[in-house]
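Source file: data-v8.cif (mmCIF, C-alpha atoms)
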```cif
data_upload
loop_
_atom_site.label_atom_id
_atom_site.label_comp_id
_atom_site.auth_asym_id
_atom_site.auth_seq_id
_atom_site.Cartn_x
_atom_site.Cartn_y
_atom_site.Cartn_z
CA MET O 1 118.86 81.57 136.78
CA ALA O 2 117.53 78.41 135.16
CA ALA O 3 116.31 77.25 138.58
CA LEU O 4 114.46 80.49 139.34
CA PRO O 5 111.03 79.38 137.97
CA GLY O 6 111.14 76.33 140.26
CA VAL O 7 112.15 78.42 143.26
CA LEU O 8 109.40 80.94 142.58
CA SER O 9 106.73 78.24 142.28
CA ALA O 10 106.97 77.41 146.00
CA PRO O 11 103.69 77.43 147.96
CA LYS O 12 102.44 80.79 149.24
CA THR O 13 101.48 79.37 152.65
CA GLY O 14 101.10 76.11 154.55
CA SER O 15 104.60 74.69 154.14
CA ALA O 16 106.09 72.43 156.80
CA VAL O 17 108.99 73.40 159.07
CA GLU O 18 112.13 71.39 158.25
CA LEU O 19 115.61 71.27 159.81
CA LEU O 20 115.15 73.23 163.05
CA CYS O 21 118.57 74.56 164.00
CA VAL O 22 119.99 76.30 167.07
CA ARG O 23 123.25 78.25 166.84
CA PRO O 24 124.69 78.44 170.35
CA GLY O 25 128.02 79.89 169.13
CA TYR O 26 129.86 80.86 165.98
CA GLY O 27 130.04 77.93 163.55
CA GLU O 28 128.02 75.71 165.92
CA ARG O 29 124.84 73.98 164.79
CA ARG O 30 122.50 71.83 166.85
CA PHE O 31 119.53 70.23 165.11
CA VAL O 32 116.47 69.78 167.30
CA ASP O 33 112.90 68.53 167.00
CA GLU O 34 111.40 71.61 168.66
CA LEU O 35 112.28 75.15 169.72
CA THR O 36 110.78 77.45 172.29
CA VAL O 37 110.78 81.04 171.04
CA THR O 38 110.15 84.16 173.10
CA LYS O 39 109.79 87.80 172.21
CA ALA O 40 112.11 88.79 175.08
CA GLN O 41 114.87 86.17 174.62
CA GLY O 42 114.56 85.08 171.01
CA ILE O 43 115.55 81.43 171.05
CA PRO O 44 116.97 80.60 174.47
CA GLY O 45 120.50 79.26 174.00
CA GLU O 46 120.98 81.02 170.65
CA ARG O 47 123.76 83.50 170.18
CA TRP O 48 121.21 86.25 169.35
CA GLY O 49 121.05 86.93 173.08
CA THR O 50 124.82 87.18 173.53
CA ALA O 51 126.44 87.94 170.16
CA PRO O 52 123.95 89.22 167.57
CA TRP O 53 125.31 90.30 164.19
CA LEU O 54 122.94 93.30 164.15
CA LYS O 55 122.45 95.39 167.28
CA LEU O 56 120.26 98.23 168.43
CA ALA O 57 121.84 101.47 169.70
CA ASP O 58 121.86 100.08 173.25
CA GLY O 59 123.89 97.04 172.16
CA THR O 60 121.08 94.50 172.42
CA GLY O 61 120.15 92.24 169.53
CA HIS O 62 117.93 93.67 166.83
CA PRO O 63 114.56 91.90 167.26
CA GLY O 64 114.19 91.65 163.48
CA ILE O 65 116.89 88.96 163.35
CA GLN O 66 115.59 86.62 166.05
CA VAL O 67 114.51 83.95 163.55
CA SER O 68 115.89 83.19 160.08
CA ILE O 69 113.92 81.15 157.56
CA LEU O 70 115.54 79.75 154.41
CA PRO O 71 113.60 78.57 151.34
CA ARG O 72 114.15 74.82 150.91
CA ARG O 73 114.36 75.10 147.12
CA VAL O 74 117.28 77.52 147.43
CA LEU O 75 118.98 75.36 150.06
CA ASP O 76 118.69 72.34 147.76
CA LEU O 77 120.39 74.31 144.97
CA VAL O 78 123.33 75.65 146.94
CA TRP O 79 124.05 73.15 149.73
CA ARG O 80 125.38 70.36 147.55
CA ASN O 81 128.18 69.04 149.75
CA ARG O 82 126.40 68.30 153.01
CA GLU O 83 129.28 66.18 154.31
CA THR O 84 131.91 68.92 154.57
CA VAL O 85 130.02 72.20 154.17
CA VAL O 86 128.26 73.42 157.31
CA HIS O 87 124.48 74.04 157.30
CA PRO O 88 123.79 77.75 156.71
CA GLY O 89 122.49 78.07 160.28
CA ASP O 90 119.00 79.35 159.60
CA THR O 91 116.49 78.66 162.38
CA PHE O 92 114.49 76.54 159.98
CA VAL O 93 113.93 75.68 156.37
CA CYS O 94 110.56 75.43 154.62
CA ASP O 95 109.23 75.24 151.08
CA LEU O 96 107.64 78.68 150.98
CA ASP O 97 107.52 81.64 148.60
CA MET O 98 109.56 84.20 150.52
CA THR O 99 109.43 86.94 147.91
CA GLU O 100 108.65 90.47 149.00
CA ALA O 101 105.40 90.21 147.02
CA ASN O 102 104.24 87.23 149.13
CA LEU O 103 105.78 88.25 152.47
CA PRO O 104 106.18 92.02 152.70
CA ALA O 105 107.80 93.37 155.86
CA GLY O 106 105.25 93.20 158.65
CA SER O 107 103.65 89.97 157.42
CA LEU O 108 102.71 87.64 160.25
CA LEU O 109 103.46 83.91 160.16
CA ALA O 110 101.77 81.42 162.45
CA VAL O 111 104.27 78.63 163.12
CA GLY O 112 103.37 76.05 165.73
CA THR O 113 102.07 78.04 168.69
CA ALA O 114 104.30 81.03 167.87
CA VAL O 115 103.68 84.04 165.67
CA LEU O 116 106.59 85.58 163.75
CA CYS O 117 106.74 88.95 161.98
CA VAL O 118 108.72 89.32 158.75
CA SER O 119 111.40 91.91 159.36
CA GLU O 120 112.42 94.90 157.29
CA VAL O 121 116.01 93.66 157.66
CA TRP O 122 117.09 92.04 154.39
CA ASN O 123 119.05 88.79 154.50
CA ASP O 124 121.47 89.63 151.70
CA ALA O 125 123.86 86.69 152.14
CA CYS O 126 127.03 87.26 154.11
CA ALA O 127 130.63 86.52 153.21
CA LYS O 128 130.24 83.06 154.80
CA TRP O 129 127.48 82.24 152.29
CA LYS O 130 129.88 83.20 149.48
CA VAL O 131 132.68 81.02 150.87
CA ARG O 132 130.44 78.00 151.51
CA HIS O 133 128.24 78.10 148.42
CA GLY O 134 130.27 80.03 145.86
CA GLU O 135 130.42 83.42 144.25
CA ALA O 136 127.61 82.59 141.80
CA ALA O 137 125.19 81.74 144.64
CA PHE O 138 126.21 84.91 146.48
CA ASP O 139 125.76 87.12 143.40
CA TRP O 140 122.42 85.44 142.57
CA VAL O 141 121.00 86.32 145.99
CA ARG O 142 122.25 89.89 145.88
CA ALA O 143 121.03 90.52 142.32
CA HIS O 144 117.40 89.81 143.30
CA PRO O 145 116.62 91.51 146.63
CA ASP O 146 112.85 91.47 146.02
CA LEU O 147 112.92 87.67 145.60
CA ARG O 148 114.59 87.15 149.01
CA LEU O 149 116.44 84.08 147.79
CA ARG O 150 118.44 83.98 151.04
CA GLY O 151 115.18 83.87 152.98
CA VAL O 152 113.54 86.12 155.50
CA LEU O 153 114.44 87.35 158.96
CA CYS O 154 111.73 87.64 161.59
CA SER O 155 110.98 88.95 165.03
CA ILE O 156 108.98 86.90 167.48
CA GLU O 157 105.57 88.48 168.03
CA GLN O 158 104.03 85.74 170.16
CA ASP O 159 105.93 83.30 172.35
CA GLY O 160 105.45 79.67 171.46
CA VAL O 161 106.88 76.33 170.44
CA ILE O 162 107.91 75.45 166.88
CA ARG O 163 108.31 71.80 165.91
CA ASN O 164 109.59 70.03 162.83
CA GLY O 165 106.55 69.40 160.63
CA ASP O 166 104.53 72.39 161.90
CA ALA O 167 102.79 74.34 159.14
CA VAL O 168 103.96 77.86 158.34
CA GLU O 169 100.74 79.78 157.74
CA VAL O 170 100.83 83.29 156.29
CA LEU O 171 98.32 85.44 158.17
CA ARG O 172 96.86 88.29 156.18
#
```
Represent the structure contained in this file as structure tokens.
Amino acid sequence: MAALPGVLSAPKTGSAVELLCVRPGYGERRFVDELTVTKAQGIPGERWGTAPWLKLADGTGHPGIQVSILPRRVLDLVWRNRETVVHPGDTFVCDLDMTEANLPAGSLLAVGTAVLCVSEVWNDACAKWKVRHGEAAFDWVRAHPDLRLRGVLCSIEQDGVIRNGDAVEVLR
């Protein structure tokens, strides 16, 4: 809780993309300099297309989980052992205020040449988050759903390319 004021003082818009990550399979992480994202396929090569954790009635991946964005200030607090603890697997990290007040569901984000839409699906931290980062980090995320400490999930609204260093601009 002592770190919360620092987390909540993140910029409202304009933060840079950091740590682009592709998850081809369970527990697999591949860090890249750029990603192509498409509304139809999500991130080609990602497991969203073959094994999504949230599905629509027809069994296809829920579009609201195509991209996951984690606040860098939260990552810096919880990912202390980067040698033996795996990266959380979010598509990218950025220093951005991801609270519901700043990014309500339906907010559009221009990132590189892509446009993302903040999903109504809440990233509430899964059991893997608890195992990797501890019960306190898990409980902290779950106790503050409106702060979205675990980040936001997004659908892809406009195909494009996202690169490390691209600005994340909140479109109003």
### Message
Nearest residue to Val118 in chain O out of O:Gly134, O:Gly160, O:Pro145, O:Pro63, using all atoms listed in the file?
### Response
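Looking at the shortest contact to Val118 in chain O, the residue is O:Pro63.
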### Output check: residues returned by the PyMOL selection byres ((chain O and resi 116) around 6), as a list of chain:residue names
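Taken on the displayed file, the PyMOL selection byres ((chain O and resi 116) around 6) yields the residues O:Leu108, O:Leu109, O:Val115, O:Cys117, O:Cys154, O:Ser155, O:Ile156, O:Glu157.
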### Query
At what distance in Å, to one decimal, does CA of Ala114 in chain O lie from CA of Cys94 in chain O?
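Between these atoms lies a distance of 15.7 Å.
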#### Entry: Among the residues O:Asp139, O:Glu169, O:Asp95, O:Asp124, the one that comes closest to Leu153 in chain O [using all atoms listed in the file]
O:Asp124
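For Thr13 in chain O, the set of protein, DNA and RNA residues having any atom at most 8 Å away, when counting only C-alpha atoms and skipping those fewer than 5 positions along the same chain, is Leu96, Asp97, Val168, Glu169 and Val170 of chain O.
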### Query
From the set O:Gly61, O:Pro11, O:Gly42, O:Pro88, which residue has the shortest atom-to-atom contact distance to Tyr26 in chain O, counting only C-alpha atoms?
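Comparing O:Gly61, O:Pro11, O:Gly42, O:Pro88 against Tyr26 in chain O, the winner is O:Pro88.
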### Task
Might you pull out every residue within 8 Å of range 47-57 of chain O, with all atoms listed in the file counted and same-chain residues fewer than 6 positions away left off, and present them as number ranges by chain?
O: 23-26, 41, 65-66
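Note that the spacing between CA of Arg30 in chain O and CA of Gly89 in chain O amounts to 9.1 Å.
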### Summary
Using all atoms listed in the file, the residue out of O:Gln158, O:Asn164, O:Thr113, O:Ser119 with shortest distance to Val67 in chain O is O:Ser119
### Message
Here's the selection I'm unsure about, the PyMOL selection byres ((chain O and resi 20) around 9); applied to the file above, which residues does it give, as a list in words?
### Response
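Written out, the selection comes to Val17, Glu18, Leu19, Cys21, Val22, Arg30, Phe31, Val32, Asp33, Glu34, Leu35, Asp90, Thr91, Phe92, Val93, Ile162, Arg163 and Asn164 of chain O.
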### Task
Quick one: apply the PyMOL selection byres ((chain O and resi 146) around 10) to the file and drop the selected residues here as a PyMOL selection string.
chain O and resi 98-101+104+122+141-145+147-149
### Query
Counting all atoms listed in the file, what is within 7 Å of Asn123 in chain O, bar same-chain residues fewer than 4 positions away, as a ChimeraX atom specification?
/O:150-153
If the box runs along x, y and z of the file and leaves 8 Å on each side of range 5-12 of chain O, what are its centre and edge lengths in Å, one decimal, as AutoDock Vina command-line options?
```
--center_x 107.3 --center_y 78.6 --center_z 143.6 --size_x 25.7 --size_y 20.6 --size_z 27.3
```
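CA of Leu171 in chain O is found 7.0 Å from CA of Ser107 in chain O.
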#### Entry: Among listed residues O:Gly59, O:Gly14, O:Pro71, O:Gly106, nearest Glu120 in chain O (using all atoms listed in the file)
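Using all atoms listed in the file, Glu120 in chain O sits closest to O:Gly106.
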Distance table requested - range 14-74 of chain O against range 3-8 of chain O, cut-off 12 Å, only C-alpha atoms: one row per qualifying residue with the closest atom pair and its distance in Å to one decimal, ordered by chain and rising residue number, as CSV.
```
residue,atom,partner,partner_atom,distance
O:Leu70,CA,O:Val7,CA,11.7
O:Pro71,CA,O:Val7,CA,8.2
O:Arg72,CA,O:Val7,CA,8.7
O:Arg73,CA,O:Val7,CA,5.6
O:Val74,CA,O:Val7,CA,6.7
```
